[in-house]
Amino acid sequence: MRRYLGILALLLVLGWFYARVGGFGVAFTANANTPLSNTELEGDSLTSLARVAPRDADSQSSADEEDADSAAQDDSLFGSSSAMEREGWESITIGRGQSFYVAMRGAGVSHEDIMGLVKACKPQSNFRRVQAGDSFRIQRNENQALTAFHSELDGEHYLLATRTPSGWKTEIGAYPLKRKVKGVKGVIKTSLFEALVDEDADPQLATDLSEILGWDIDFFRDLREGDTFKLVYEEFSREGKRVRDGRILAATFTNKGHQYSAFLFKNKLGFPAYYDSEGGSLEKQFLRAPLKYSRISSNFSRHRFHPIDHVYRPHYGVDYAAPTGTPVYATANGSVQKRERARGNGNYVRLRHGNGYETYYLHLSRFARGLHIGERVKQGDLIGYVGMTGKATAPHLDYRVKHNGRWLNPRKLDLPPAAPIEQDRLALFEQRRNELRSELDRIADLPSDTIVLEREITKASVEPTGR
């Protein structure tokens with residue numbers, strides 16, 4: 001009897017193991033005529049924005065020629081489904097409980113080909129993390145040896161691996177995206193986030209706008225019911241499905257009866273930046289706050305009751321209450337002077353900036369990876385995460401600013417903006433501003449979700465990543 005029970009137990013274990021490796025799942029689906037999406041390769045949004053901005057006739061002509069060349073190049077890669085059909089690609093889908101290796105072996109791919117492919121693609125894709133339903137495409141020669149491999153990375157990018165005499169070569173390519181410039185308007189009832197949701201717009205635009213106008217408007221405390229806004233922004237789609245939003249191109253926000261404006265225009269170095277209607281820069285030496293989602297739990301004070309020590313003492317910072325793990329960013333360009341743990345401050349970072357300014361970030365749960373003393377950081381770089389280390393009763397960030405040895409209220413800093421538009425480029429900016437103003441004016445007469453302008457992107461973007 002014991003012998004039969006032992007045999008039965010062994011059979012159950014073997015059956016469980018067989019199911020785990022995918023023996024009872026669907027190994028693959030093969031269809032040489034299954035095409036990839038009917039799309040072309042797409043350029044980055046900065047290039048597309050440059051084509052919309054005003055320019056002289058010669059440069060515009062060059063850009064159009066460049067687009068035509070790119071479109072021709074697109075069709076040689078994954079620019080058309082007909083090309084995929086001719087080249088005989090097969091589709092492999094990961095079954096329930098299957099690994100990448102088991103699915104590929106089930107499709108008849110050799111062990112050597114699988115291991116070589118996994119090694120070549122490792123910097124771009126970890127095939128140990130595949131899930132049921134994930135699909136890949138392969139191409140084989142007459143001897144059934146693997147010659148090419150295609151994998152979706154996200155809605156916009158793909159990984160292509162091809163076999164060469166010297167080994168596998170990998171490339172990251174970008175699908176063509178259709179660019180739409182859209183307009184949205186709204187009225188604040190409770191928050192900008194909810195106002196955008198009410199208008200069927202992406203709430204991420206609330207974060208983007210707060211970063212653009214965040215020095216002039218505190219989007220956590222200054223908003224009032226009845227405030228209004230209008231935005232012109234980019235949207236990128238693929239095969240009719242939204243992939244992502246691009247930049248805000250223009251915005252107006254009326255807060256407490258005062259209207260603030262922002263227009264996107266390239267600075268003298270060729271980088272996109274935001275300016276007010278007169279060409280003044282909206283960028284400041286310091287960000288208004290070092291984190292995006294928070295509420296102020298304690299303000300700067302010369303005489304505050306300490307919740308732990310139960311004594312009155314100055315509080316030289318502003319406490320931003322936020323969940324543990326909320327990213328904390330450098331508010332200005334500078335260098336790391338301190339990165340340590342102290343009894344009261346907990347984990348904290350001290351940055352030194354120009355003109356005698358220093359900033360402090362206290363009670364962090366942990367530091368950003370790779371952050372070291374002496375390292376240079378840029379405005380907006382990640383330096384740590386919100387926590388409650390040191391003397392803290394709840395997760396929050398204590399943010400402090402010191403200038404020439406004297407503590408300043410971070411919420412009342414009066415710092416000069418970045419340089420305005422140069423005189424020799426002011427006329428070009430005004431032309432672009434007037435175009436964007438016209439789009440903003442049109443929003444007042446159109447439904448919020450109406451497309452203002454539509455333009456297709458054709459510039460190719462394929463980045464070799466290996467041999």
# chains A, B, ... in the order shown; residues from 1 in each chain; ligands from 1
>>> residues_around(residues="Arg339 of chain A", least_positions_apart="4", cutoff="12 Å", atoms="only C-alpha atoms", output="ChimeraX atom specification")
/A:335,345-351,360-364,366-375,383-384
>>> atom_distance(atom1="atom CA of Phe219 of chain A", atom2="atom CA of Lys391 of chain A")
28.6 Å
>>> residues_around(residues="Arg242 of chain A", least_positions_apart="4", cutoff="12 Å", atoms="only C-alpha atoms", output="PDB file with C-alpha atoms, in the first residue's frame")
ATOM      1  CA  GLY A 155       3.012  51.629 -27.358  1.00  0.00           C
ATOM      2  CA  GLU A 156       5.641  53.743 -29.067  1.00  0.00           C
ATOM      3  CA  LEU A 177       2.675  58.540 -34.229  1.00  0.00           C
ATOM      4  CA  LYS A 178       0.022  60.910 -35.459  1.00  0.00           C
ATOM      5  CA  ARG A 179       0.380  64.291 -33.812  1.00  0.00           C
ATOM      6  CA  LYS A 180      -2.723  66.234 -32.888  1.00  0.00           C
ATOM      7  CA  ALA A 201      -8.590  65.571 -20.760  1.00  0.00           C
ATOM      8  CA  ASP A 202      -5.551  63.808 -19.347  1.00  0.00           C
ATOM      9  CA  GLU A 234       0.056  67.942 -28.181  1.00  0.00           C
ATOM     10  CA  GLU A 235      -1.407  64.452 -28.276  1.00  0.00           C
ATOM     11  CA  PHE A 236       0.282  61.490 -29.973  1.00  0.00           C
ATOM     12  CA  SER A 237      -1.710  58.482 -31.161  1.00  0.00           C
ATOM     13  CA  ARG A 238      -1.030  55.234 -32.983  1.00  0.00           C
ATOM     14  CA  GLY A 246       3.345  65.843 -25.570  1.00  0.00           C
TER      15      GLY A 246
END
>>> residues_around(residues="segment 128-134 of chain A", least_positions_apart="6", cutoff="6 Å", atoms="only C-alpha atoms", output="PyMOL selection string")
chain A and resi 93-96
>>> select_by_dssp(residues="segment 99-221 of chain A", states="strand (DSSP E or B)", output="JSON, numbers by chain")
{"A": [135, 136, 137, 138, 139, 140, 146, 147, 148, 149, 150, 151, 152, 157, 158, 159, 160, 161, 162, 163, 164, 167, 168, 169, 170, 171, 172, 173, 174, 178, 179, 180, 181, 182, 183, 184, 185, 186, 187]}
>>> closest_residue(among="A:Glu422, A:Glu435, A:Asp414, A:Asp154", to="Gln285 of chain A", atoms="only C-alpha atoms")
A:Asp414
>>> closest_residue(among="A:Gln431, A:His315, A:Lys338, A:Arg437", to="Asn409 of chain A", atoms="only C-alpha atoms")
A:His315
>>> closest_residue(among="A:Ala419, A:Leu205, A:Val187, A:Ala394", to="Leu249 of chain A", atoms="only C-alpha atoms")
A:Leu205
>>> select_by_dssp(residues="segment 122-236 of chain A", states="alpha helix (DSSP H)", output="ChimeraX atom specification")
/A:192-198,204-213
>>> residues_around(residues="Tyr260 of chain A", least_positions_apart="2", cutoff="10 Å", atoms="only C-alpha atoms", output="number ranges by chain")
A: 213, 216-217, 229, 251-255, 257-258, 262, 276-277
>>> residues_around(residues="segment 286-290 of chain A", least_positions_apart="3", cutoff="7 Å", atoms="only C-alpha atoms", output="number ranges by chain")
A: 214-215, 328-332
>>> atom_distance(atom1="atom CA of Leu436 of chain A", atom2="atom CA of Ser191 of chain A")
25.2 Å
>>> closest_residue(among="A:Arg343, A:Tyr385, A:Lys182, A:Phe136", to="Arg442 of chain A", atoms="only C-alpha atoms")
A:Lys182
>>> residues_around(residues="Ala161 of chain A", least_positions_apart="5", cutoff="9 Å", atoms="only C-alpha atoms", output="list in words")
Leu117, Ala120, Cys121, Thr147, Ala148, Phe149, His150, Ser151, Trp168, Lys169, Thr170, Glu171 and Ile172 of chain A
>>> closest_residue(among="A:Ser261, A:Thr162, A:Ser438, A:Asn267", to="Gln139 of chain A", atoms="only C-alpha atoms")
A:Thr162
>>> closest_residue(among="A:Phe220, A:Tyr101, A:Tyr233, A:Phe127", to="Ile443 of chain A", atoms="only C-alpha atoms")
A:Tyr233
>>> atom_distance(atom1="atom CA of Tyr357 of chain A", atom2="atom CA of Ala392 of chain A")
25.5 Å
>>> decode(residues="segment 377-392 of chain A", atoms="N, CA and C atoms", output="CSV table (one decimal), in the first residue's frame")
chain,number,residue,atom,x,y,z
A,377,VAL,N,24.1,68.4,-9.4
A,377,VAL,CA,22.8,68.1,-9.7
A,377,VAL,C,22.1,69.2,-10.4
A,378,LYS,N,21.1,68.9,-11.2
A,378,LYS,CA,20.4,70.0,-12.0
A,378,LYS,C,19.0,70.2,-11.4
A,379,GLN,N,18.5,71.3,-11.6
A,379,GLN,CA,17.1,71.6,-11.2
A,379,GLN,C,16.2,70.5,-11.7
A,380,GLY,N,15.4,69.9,-10.8
A,380,GLY,CA,14.5,68.8,-11.1
A,380,GLY,C,15.1,67.4,-11.0
A,381,ASP,N,16.4,67.3,-10.7
A,381,ASP,CA,16.9,66.0,-10.5
A,381,ASP,C,16.4,65.3,-9.2
A,382,LEU,N,16.2,64.0,-9.3
A,382,LEU,CA,15.8,63.2,-8.1
A,382,LEU,C,16.9,63.2,-7.1
A,383,ILE,N,16.6,63.5,-5.8
A,383,ILE,CA,17.6,63.4,-4.8
A,383,ILE,C,17.2,62.5,-3.6
A,384,GLY,N,15.9,62.1,-3.5
A,384,GLY,CA,15.5,61.3,-2.4
A,384,GLY,C,14.0,61.1,-2.4
A,385,TYR,N,13.5,60.5,-1.3
A,385,TYR,CA,12.1,60.2,-1.2
A,385,TYR,C,11.6,60.5,0.2
A,386,VAL,N,10.3,61.0,0.2
A,386,VAL,CA,9.7,61.4,1.5
A,386,VAL,C,9.7,60.3,2.5
A,387,GLY,N,9.9,60.6,3.7
A,387,GLY,CA,9.9,59.6,4.8
A,387,GLY,C,9.6,60.3,6.1
A,388,MET,N,9.9,59.6,7.2
A,388,MET,CA,9.7,60.2,8.6
A,388,MET,C,10.8,59.8,9.5
A,389,THR,N,12.1,59.8,8.9
A,389,THR,CA,13.2,59.5,9.7
A,389,THR,C,13.6,60.7,10.6
A,390,GLY,N,14.3,60.5,11.7
A,390,GLY,CA,14.6,61.6,12.6
A,390,GLY,C,13.4,62.0,13.5
A,391,LYS,N,13.3,63.2,13.9
A,391,LYS,CA,12.2,63.6,14.8
A,391,LYS,C,11.0,64.0,13.9
A,392,ALA,N,10.2,63.1,13.6
A,392,ALA,CA,9.0,63.3,12.7
A,392,ALA,C,7.9,62.5,13.3
